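Novice: What follows is input-v1.txt; its format and atoms are compact mmCIF, C-alpha atoms.
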```
# COMPACT_ATOMS: atom_id res chain seq x y z
CA MET A 28 0.00 0.00 0.00
CA THR A 29 1.27 3.44 -0.85
CA GLU A 30 1.10 6.44 1.46
CA THR A 31 -0.91 8.47 -1.03
CA GLN A 32 -3.86 6.10 -0.72
CA VAL A 33 -4.48 7.04 2.91
CA GLY A 34 -6.42 10.07 4.12
CA ARG A 35 -8.47 12.22 1.83
CA SER A 36 -7.70 10.31 -1.32
CA PRO A 37 -10.79 8.92 -3.07
CA PHE A 38 -9.28 5.48 -2.50
CA ASP A 39 -9.55 5.51 1.25
CA PRO A 40 -9.66 1.89 2.41
CA GLN A 41 -11.20 2.74 5.78
CA ARG A 42 -13.92 4.77 4.20
CA ASP A 43 -14.51 2.02 1.63
CA THR A 44 -14.92 -0.52 4.41
CA LEU A 45 -17.51 1.63 6.15
CA PHE A 46 -19.29 2.25 2.89
CA LYS A 47 -19.31 -1.42 1.98
CA LYS A 48 -20.64 -2.41 5.39
CA GLU A 49 -23.59 -0.08 5.07
CA LEU A 50 -24.19 -1.05 1.45
CA VAL A 51 -24.42 -4.72 2.43
CA THR A 52 -27.17 -3.96 4.97
CA LEU A 53 -29.18 -2.32 2.19
CA ILE A 54 -29.08 -5.27 -0.22
CA PRO A 55 -32.31 -6.86 1.09
CA HIS A 56 -34.15 -3.55 0.67
CA LEU A 57 -32.75 -3.01 -2.83
CA ARG A 58 -33.92 -6.50 -3.78
CA ALA A 59 -37.41 -5.81 -2.47
CA PHE A 60 -37.69 -2.49 -4.29
CA ALA A 61 -36.36 -4.04 -7.49
CA ARG A 62 -38.90 -6.85 -7.21
CA THR A 63 -41.77 -4.35 -7.09
CA LEU A 64 -40.40 -2.46 -10.09
CA THR A 65 -39.73 -5.44 -12.35
CA GLY A 66 -42.28 -7.91 -10.99
CA ASP A 67 -39.82 -10.69 -11.78
CA PRO A 68 -37.46 -12.16 -9.15
CA THR A 69 -34.61 -12.90 -11.59
CA ALA A 70 -34.74 -9.57 -13.36
CA ALA A 71 -35.06 -7.90 -9.96
CA ASP A 72 -31.85 -9.47 -8.66
CA ASP A 73 -30.00 -8.45 -11.83
CA LEU A 74 -31.26 -4.92 -11.35
CA ALA A 75 -30.37 -4.88 -7.65
CA GLN A 76 -26.85 -6.15 -8.43
CA ASP A 77 -26.35 -3.50 -11.09
CA ALA A 78 -27.55 -0.82 -8.69
CA MET A 79 -25.28 -2.15 -5.94
CA MET A 80 -22.25 -1.96 -8.25
CA LYS A 81 -23.21 1.49 -9.51
CA ALA A 82 -23.42 2.65 -5.90
CA TRP A 83 -20.04 1.07 -5.18
CA ASP A 84 -18.43 2.72 -8.20
CA ALA A 85 -19.90 6.07 -7.22
CA ARG A 86 -18.95 5.73 -3.54
CA ALA A 87 -16.55 8.66 -3.70
CA SER A 88 -19.46 10.97 -4.47
CA PHE A 89 -21.52 9.76 -1.52
CA GLN A 90 -21.29 11.69 1.69
CA LEU A 91 -21.00 9.22 4.56
CA GLY A 92 -23.58 9.82 7.26
CA THR A 93 -26.29 10.97 4.88
CA ASN A 94 -29.18 8.78 3.79
CA MET A 95 -27.58 5.92 1.90
CA LYS A 96 -30.84 4.01 1.59
CA ALA A 97 -32.51 6.83 -0.34
CA TRP A 98 -29.35 7.32 -2.41
CA THR A 99 -29.13 3.66 -3.45
CA PHE A 100 -32.88 3.51 -4.16
CA MET A 101 -32.47 6.49 -6.46
CA ILE A 102 -29.62 4.75 -8.28
CA LEU A 103 -31.69 1.58 -8.63
CA ARG A 104 -34.71 3.47 -9.90
CA ASN A 105 -32.65 5.40 -12.48
CA GLN A 106 -31.05 2.18 -13.62
CA PHE A 107 -34.46 0.56 -14.02
CA TYR A 108 -35.87 3.38 -16.13
CA SER A 109 -32.80 3.78 -18.32
CA GLU A 110 -32.85 0.05 -19.09
CA LYS A 111 -36.55 0.27 -19.77
CA ARG A 112 -36.00 3.07 -22.27
CA ARG A 113 -33.37 1.04 -24.07
CA SER A 114 -35.60 -1.94 -24.53
CA TRP A 115 -38.39 -1.47 -27.01
CA ARG A 116 -39.74 -4.87 -26.15
CA GLN A 117 -40.08 -3.99 -22.51
CA SER A 118 -43.87 -3.87 -22.30
CA GLN A 119 -43.99 -7.33 -23.79
CA LEU A 120 -41.35 -8.51 -21.32
CA ASP A 121 -43.22 -6.91 -18.44
CA GLN A 122 -46.26 -8.96 -19.34
CA GLU A 123 -44.24 -12.16 -19.55
CA ALA A 124 -42.48 -11.36 -16.31
CA ALA A 125 -45.78 -10.78 -14.57
CA GLU A 126 -47.01 -14.14 -15.76
CA ARG A 127 -43.84 -15.88 -14.62
CA THR A 128 -44.07 -14.20 -11.23
CA LEU A 129 -47.57 -15.50 -10.87
CA VAL A 130 -46.34 -19.02 -11.34
CA ALA A 131 -43.37 -18.37 -9.09
CA VAL A 132 -45.51 -17.24 -6.18
CA ASP A 133 -48.11 -19.95 -6.74
CA ASP A 134 -47.38 -21.52 -3.38
CA PRO A 135 -50.56 -23.17 -2.07
CA GLU A 136 -49.51 -22.24 1.46
CA ALA A 137 -49.17 -18.56 0.62
CA PRO A 138 -52.09 -16.36 1.57
CA VAL A 139 -54.22 -15.71 -1.50
CA ALA A 140 -54.50 -12.04 -0.72
CA LEU A 141 -50.83 -11.34 -1.45
CA ASP A 142 -51.09 -12.62 -5.02
CA GLU A 143 -54.13 -10.48 -5.56
CA LEU A 144 -52.40 -7.48 -4.09
CA ARG A 145 -49.44 -8.01 -6.44
CA LEU A 146 -51.72 -8.28 -9.43
CA SER A 147 -53.65 -5.20 -8.43
CA LEU A 148 -50.44 -3.25 -7.87
CA GLY A 149 -49.40 -4.26 -11.36
CA MET A 150 -52.41 -2.48 -12.76
CA LEU A 151 -51.45 0.89 -11.32
CA PRO A 152 -49.47 3.38 -13.42
CA ALA A 153 -45.75 2.90 -12.69
CA GLU A 154 -45.31 6.28 -11.00
CA GLN A 155 -48.22 5.62 -8.64
CA ARG A 156 -46.97 2.15 -7.84
CA GLU A 157 -43.43 3.25 -6.96
CA ALA A 158 -44.68 6.18 -4.85
CA LEU A 159 -46.98 3.90 -2.87
CA ILE A 160 -44.27 1.27 -2.40
CA LEU A 161 -41.67 3.79 -1.22
CA VAL A 162 -43.98 5.50 1.26
CA GLY A 163 -46.33 2.66 2.17
CA ALA A 164 -43.88 -0.23 2.37
CA GLY A 165 -40.31 1.08 2.14
CA GLY A 166 -40.66 3.38 5.12
CA PHE A 167 -39.63 6.56 3.31
CA ALA A 168 -40.96 10.00 4.17
CA TYR A 169 -42.72 11.87 1.37
CA GLU A 170 -39.68 14.16 1.09
CA GLU A 171 -37.32 11.20 0.63
CA ALA A 172 -39.61 9.54 -1.89
CA ALA A 173 -39.73 12.82 -3.82
CA GLU A 174 -35.94 12.91 -3.92
CA ILE A 175 -35.75 9.29 -5.09
CA CYS A 176 -38.30 9.86 -7.85
CA GLY A 177 -36.95 13.26 -8.82
CA CYS A 178 -40.26 15.08 -8.39
CA ALA A 179 -42.00 17.50 -6.05
CA VAL A 180 -43.23 16.42 -2.62
CA GLY A 181 -46.78 17.39 -3.56
CA THR A 182 -46.58 15.17 -6.61
CA VAL A 183 -45.57 12.19 -4.47
CA LYS A 184 -48.41 12.91 -2.03
CA SER A 185 -50.99 12.99 -4.78
CA ARG A 186 -49.57 9.87 -6.46
CA VAL A 187 -49.69 7.96 -3.17
CA SER A 188 -53.24 9.00 -2.46
CA ARG A 189 -54.40 8.18 -5.98
CA ALA A 190 -52.62 4.83 -5.79
CA ARG A 191 -54.31 4.00 -2.48
CA ARG A 192 -57.76 4.78 -3.82
CA ALA A 193 -57.19 2.94 -7.09
CA LEU A 194 -55.78 -0.12 -5.32
CA GLN A 195 -58.78 -0.34 -3.01
CA ALA A 196 -61.18 0.03 -5.92
CA ILE A 197 -59.42 -2.68 -7.94
CA LEU A 198 -59.40 -5.08 -5.00
CA GLU A 199 -63.02 -4.45 -4.09
CA ALA A 200 -64.18 -4.94 -7.65
CA GLY A 201 -61.98 -8.00 -8.17
CA ALA A 202 -60.80 -6.12 -11.24
CA TYR A 203 -57.21 -7.31 -11.13
CA ASP A 204 -55.96 -9.35 -14.05
CA ARG A 205 -56.90 -12.84 -12.90
CA ASP A 206 -56.01 -14.67 -16.06
CA GLY A 207 -59.29 -16.53 -16.04
CA ARG A 208 -59.19 -17.57 -12.42
CA SER A 209 -62.18 -16.93 -10.20
CA ALA A 210 -62.43 -13.54 -8.58
CA GLY A 211 -62.55 -14.58 -4.95
CA ASP A 212 -62.95 -11.93 -2.30
CA ALA A 213 -59.59 -10.19 -2.34
CA MET A 214 -60.63 -7.31 -0.13
CA GLY A 215 -62.23 -9.74 2.31
CA SER A 216 -59.11 -11.87 2.63
CA ILE A 217 -56.90 -8.78 2.95
CA LEU A 218 -59.06 -7.50 5.80
CA ALA A 219 -59.08 -10.88 7.50
CA ASP A 220 -55.34 -11.28 7.04
CA ALA A 221 -54.55 -7.81 8.34
CA GLU A 222 -56.68 -8.52 11.40
CA ARG A 223 -54.85 -11.79 11.98
CA LEU A 224 -51.46 -10.14 11.57
CA SER A 225 -52.25 -7.28 13.92
CA SER A 226 -53.57 -9.66 16.57
CA LEU A 227 -50.24 -11.49 16.40
CA ARG A 228 -48.34 -8.36 17.32
CA MET B 12 -74.49 22.20 3.94
CA ILE B 13 -73.71 19.98 6.83
CA GLU B 14 -76.67 21.08 9.08
CA HIS B 15 -79.15 20.01 6.43
CA VAL B 16 -77.89 16.45 6.28
CA PRO B 17 -80.35 14.22 8.13
CA MET B 18 -78.86 12.49 11.18
CA GLU B 19 -79.27 9.06 9.61
CA ASP B 20 -77.20 9.95 6.52
CA HIS B 21 -74.66 11.62 8.71
CA ARG B 22 -74.13 8.44 10.68
CA LYS B 23 -73.95 6.35 7.52
CA GLY B 24 -71.34 8.70 6.14
CA ALA B 25 -69.24 8.37 9.25
CA ALA B 26 -69.52 4.58 9.19
CA ALA B 27 -68.48 4.50 5.55
CA LEU B 28 -65.47 6.66 6.36
CA ASP B 29 -64.47 4.30 9.17
CA GLU B 30 -64.85 1.34 6.85
CA ALA B 31 -62.72 3.01 4.17
CA ARG B 32 -60.04 3.81 6.74
CA LEU B 33 -60.08 0.20 7.94
CA ARG B 34 -59.66 -1.07 4.40
CA GLN B 35 -56.81 1.32 3.71
CA GLN B 36 -55.08 0.20 6.89
CA ALA B 37 -55.51 -3.44 5.88
CA ILE B 38 -54.06 -2.76 2.45
CA GLY B 39 -51.15 -0.95 4.11
CA VAL B 40 -50.44 -3.92 6.35
CA LYS B 41 -50.41 -6.27 3.36
CA LEU B 42 -48.21 -3.95 1.31
CA ARG B 43 -45.60 -3.93 4.05
CA GLN B 44 -45.91 -7.69 4.43
CA MET B 45 -45.35 -8.15 0.70
CA PHE B 46 -42.24 -5.93 0.76
CA ASP B 47 -40.88 -7.37 4.01
CA GLU B 48 -41.18 -10.90 2.68
CA VAL B 49 -38.51 -10.08 0.13
CA VAL B 50 -36.44 -8.05 2.62
CA ASN B 51 -36.40 -11.07 4.93
CA GLU B 52 -35.29 -13.51 2.23
CA ALA B 53 -31.70 -14.70 2.46
CA VAL B 54 -29.53 -12.59 0.16
CA PRO B 55 -28.13 -14.76 -2.68
CA ASP B 56 -24.35 -15.32 -2.32
CA GLU B 57 -23.89 -13.72 -5.74
CA PHE B 58 -24.37 -10.26 -4.27
CA LEU B 59 -21.57 -10.55 -1.77
CA ASP B 60 -19.33 -12.35 -4.28
CA ILE B 61 -19.66 -9.51 -6.75
CA LEU B 62 -18.96 -6.93 -4.11
CA ARG B 63 -15.97 -8.88 -2.82
CA LYS B 64 -14.46 -9.06 -6.30
CA ALA B 65 -15.14 -5.40 -6.97
CA GLU B 66 -12.20 -4.08 -5.03
CA PRO B 67 -9.00 -5.91 -4.22
CA PRO B 68 -8.28 -5.91 -0.49
CA ALA B 69 -6.11 -3.05 0.71
CA GLY B 70 -2.47 -3.71 -0.04
CA GLU B 71 -3.05 -5.63 -3.26
CA LYS B 72 -2.75 -3.70 -6.43
```
Hey, can you dump this file as structure tokens for me?
Specialist:
Amino acid sequence: MTETQVGRSPFDPQRDTLFKKELVTLIPHLRAFARTLTGDPTAADDLAQDAMMKAWDARASFQLGTNMKAWTFMILRNQFYSEKRRSWRQSQLDQEAAERTLVAVDDPEAPVALDELRLSLGMLPAEQREALILVGAGGFAYEEAAEICGCAVGTVKSRVSRARRALQAILEAGAYDRDGRSAGDAMGSILADAERLSSLR
Amino acid sequence: MIEHVPMEDHRKGAAALDEARLRQQAIGVKLRQMFDEVVNEAVPDEFLDILRKAEPPAGEK
């Protein structure tokens, strides 16, 4: 090791170690966010790995101590949309991915309501879906979600509220894309499940 | 105007609001559950392998 690598040099091994440690703790969250964006577990892991490496390569530009979760989510989201723009076949792929995911999560033990929630989420416009996921599941404040999506706080608020209303309406009407399967009572099972989960706490 | 709403309708409105809130809460619980299911999955080794290979340990160049 040379002396010039220590201290304020961009190749600071101590800083890199700290950065890497924090980045590793974020991997599960990046995977979850990627899964909601792509709808496909394999594509999601590819995306999450790309985002992880982009974050690693850009580590010198990250200020330690600031919100690394929001920063990495922003990188992942940008990566997702730039790949999407490149691929003219993407809408087709999205459809295929959604169908594969359906099969992938077709675990008879899994609560039905989750599948239906996934399908219903898939029917929302992308910007509403990501806003709802960030705020409603990812634990981000509206301000952080706005930063991640590169839009105004008010825009995020209205997207989240529209997404919530649309999701409820889709679930209540059984209007999600069921691929010929019976409608069931998605809203009913979600209510029952939520009650069960909260009584467990 | 609110004073002109008969009591009966008023109560129904309030009940509907409660019901809507309950449903939104339930959807919120399930959304978090859906997300957390993936968060709680074991991270595939690939992720750490890639990160490990990304930078040679200090001292190796």
Novice: Could you list the residues in chain B lying within 10 Å of chain A, using all atoms listed in the file, and format the result as a PyMOL selection string?
Specialist: chain B and resi 31+33-55+57-59+61-63+65-66+68-72
Novice: Which of these, A:Thr65, A:Thr93, A:Ser147, A:Ser188, has the shortest distance to A:Glu49 once you count only C-alpha atoms?
Specialist: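 Closest residue, counting only C-alpha atoms: A:Thr93.
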Novice: If we count all atoms listed in the file and set the cut-off at 9 Å, which residues sit around A:Tyr169, ignoring sequence neighbours fewer than 3 positions away in its own chain? Please answer as a compact mmCIF listing (two decimals) with C-alpha atoms, in the frame of the given file.
Specialist:
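Result went into part-v4.txt, see below:
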```txt
# COMPACT_ATOMS: atom_id res chain seq x y z
CA ALA A 158 -44.68 6.18 -4.85
CA LEU A 161 -41.67 3.79 -1.22
CA VAL A 162 -43.98 5.50 1.26
CA ALA A 172 -39.61 9.54 -1.89
CA ALA A 173 -39.73 12.82 -3.82
CA GLU A 174 -35.94 12.91 -3.92
CA VAL A 180 -43.23 16.42 -2.62
CA GLY A 181 -46.78 17.39 -3.56
CA VAL A 183 -45.57 12.19 -4.47
CA LYS A 184 -48.41 12.91 -2.03
```
Novice: Distance atom CA of A:Leu74-atom CA of A:Ser109, one decimal place?
Specialist: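 Spanning atom CA of A:Leu74 to atom CA of A:Ser109 is a straight-line distance of 11.3 Å.
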Novice: In Å, rounded to a single decimal, give me how far atom CA of A:Phe167 is from atom CA of A:Thr69.
Specialist: 25.0 Å
Novice: Can you complete the atoms of stretch 137-155 of chain A to N, CA and C atoms and list them as a tab-separated table (two decimals), in the coordinates of the input?
Specialist:
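Saved file part.tsv follows:
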```tsv
chain	number	residue	atom	x	y	z
A	137	ALA	N	-49.21	-20.02	0.54
A	137	ALA	CA	-49.17	-18.56	0.62
A	137	ALA	C	-50.58	-18.00	0.70
A	138	PRO	N	-50.76	-16.96	1.49
A	138	PRO	CA	-52.09	-16.36	1.57
A	138	PRO	C	-52.49	-15.80	0.21
A	139	VAL	N	-53.71	-16.10	-0.19
A	139	VAL	CA	-54.22	-15.71	-1.50
A	139	VAL	C	-54.12	-14.20	-1.69
A	140	ALA	N	-54.37	-13.49	-0.61
A	140	ALA	CA	-54.50	-12.04	-0.72
A	140	ALA	C	-53.24	-11.38	-1.27
A	141	LEU	N	-52.07	-11.96	-0.99
A	141	LEU	CA	-50.83	-11.34	-1.45
A	141	LEU	C	-50.71	-11.37	-2.97
A	142	ASP	N	-51.09	-12.51	-3.56
A	142	ASP	CA	-51.09	-12.62	-5.02
A	142	ASP	C	-51.99	-11.55	-5.62
A	143	GLU	N	-53.15	-11.42	-5.01
A	143	GLU	CA	-54.13	-10.48	-5.56
A	143	GLU	C	-53.65	-9.05	-5.40
A	144	LEU	N	-52.96	-8.82	-4.30
A	144	LEU	CA	-52.40	-7.48	-4.09
A	144	LEU	C	-51.33	-7.18	-5.14
A	145	ARG	N	-50.48	-8.18	-5.42
A	145	ARG	CA	-49.44	-8.01	-6.44
A	145	ARG	C	-50.04	-7.71	-7.80
A	146	LEU	N	-51.06	-8.49	-8.13
A	146	LEU	CA	-51.72	-8.28	-9.43
A	146	LEU	C	-52.36	-6.90	-9.51
A	147	SER	N	-52.98	-6.51	-8.43
A	147	SER	CA	-53.65	-5.20	-8.43
A	147	SER	C	-52.62	-4.08	-8.52
A	148	LEU	N	-51.52	-4.24	-7.80
A	148	LEU	CA	-50.44	-3.25	-7.87
A	148	LEU	C	-49.95	-3.11	-9.30
A	149	GLY	N	-49.88	-4.25	-9.99
A	149	GLY	CA	-49.40	-4.26	-11.36
A	149	GLY	C	-50.28	-3.47	-12.31
A	150	MET	N	-51.51	-3.22	-11.89
A	150	MET	CA	-52.41	-2.48	-12.76
A	150	MET	C	-52.29	-0.97	-12.59
A	151	LEU	N	-51.61	-0.55	-11.55
A	151	LEU	CA	-51.45	0.89	-11.32
A	151	LEU	C	-50.41	1.45	-12.29
A	152	PRO	N	-50.53	2.73	-12.64
A	152	PRO	CA	-49.47	3.38	-13.42
A	152	PRO	C	-48.16	3.31	-12.63
A	153	ALA	N	-47.04	3.13	-13.34
A	153	ALA	CA	-45.75	2.90	-12.69
A	153	ALA	C	-45.43	3.96	-11.64
A	154	GLU	N	-45.72	5.23	-11.94
A	154	GLU	CA	-45.31	6.28	-11.00
A	154	GLU	C	-46.15	6.24	-9.72
A	155	GLN	N	-47.40	5.77	-9.84
A	155	GLN	CA	-48.22	5.62	-8.64
A	155	GLN	C	-47.75	4.44	-7.81
```
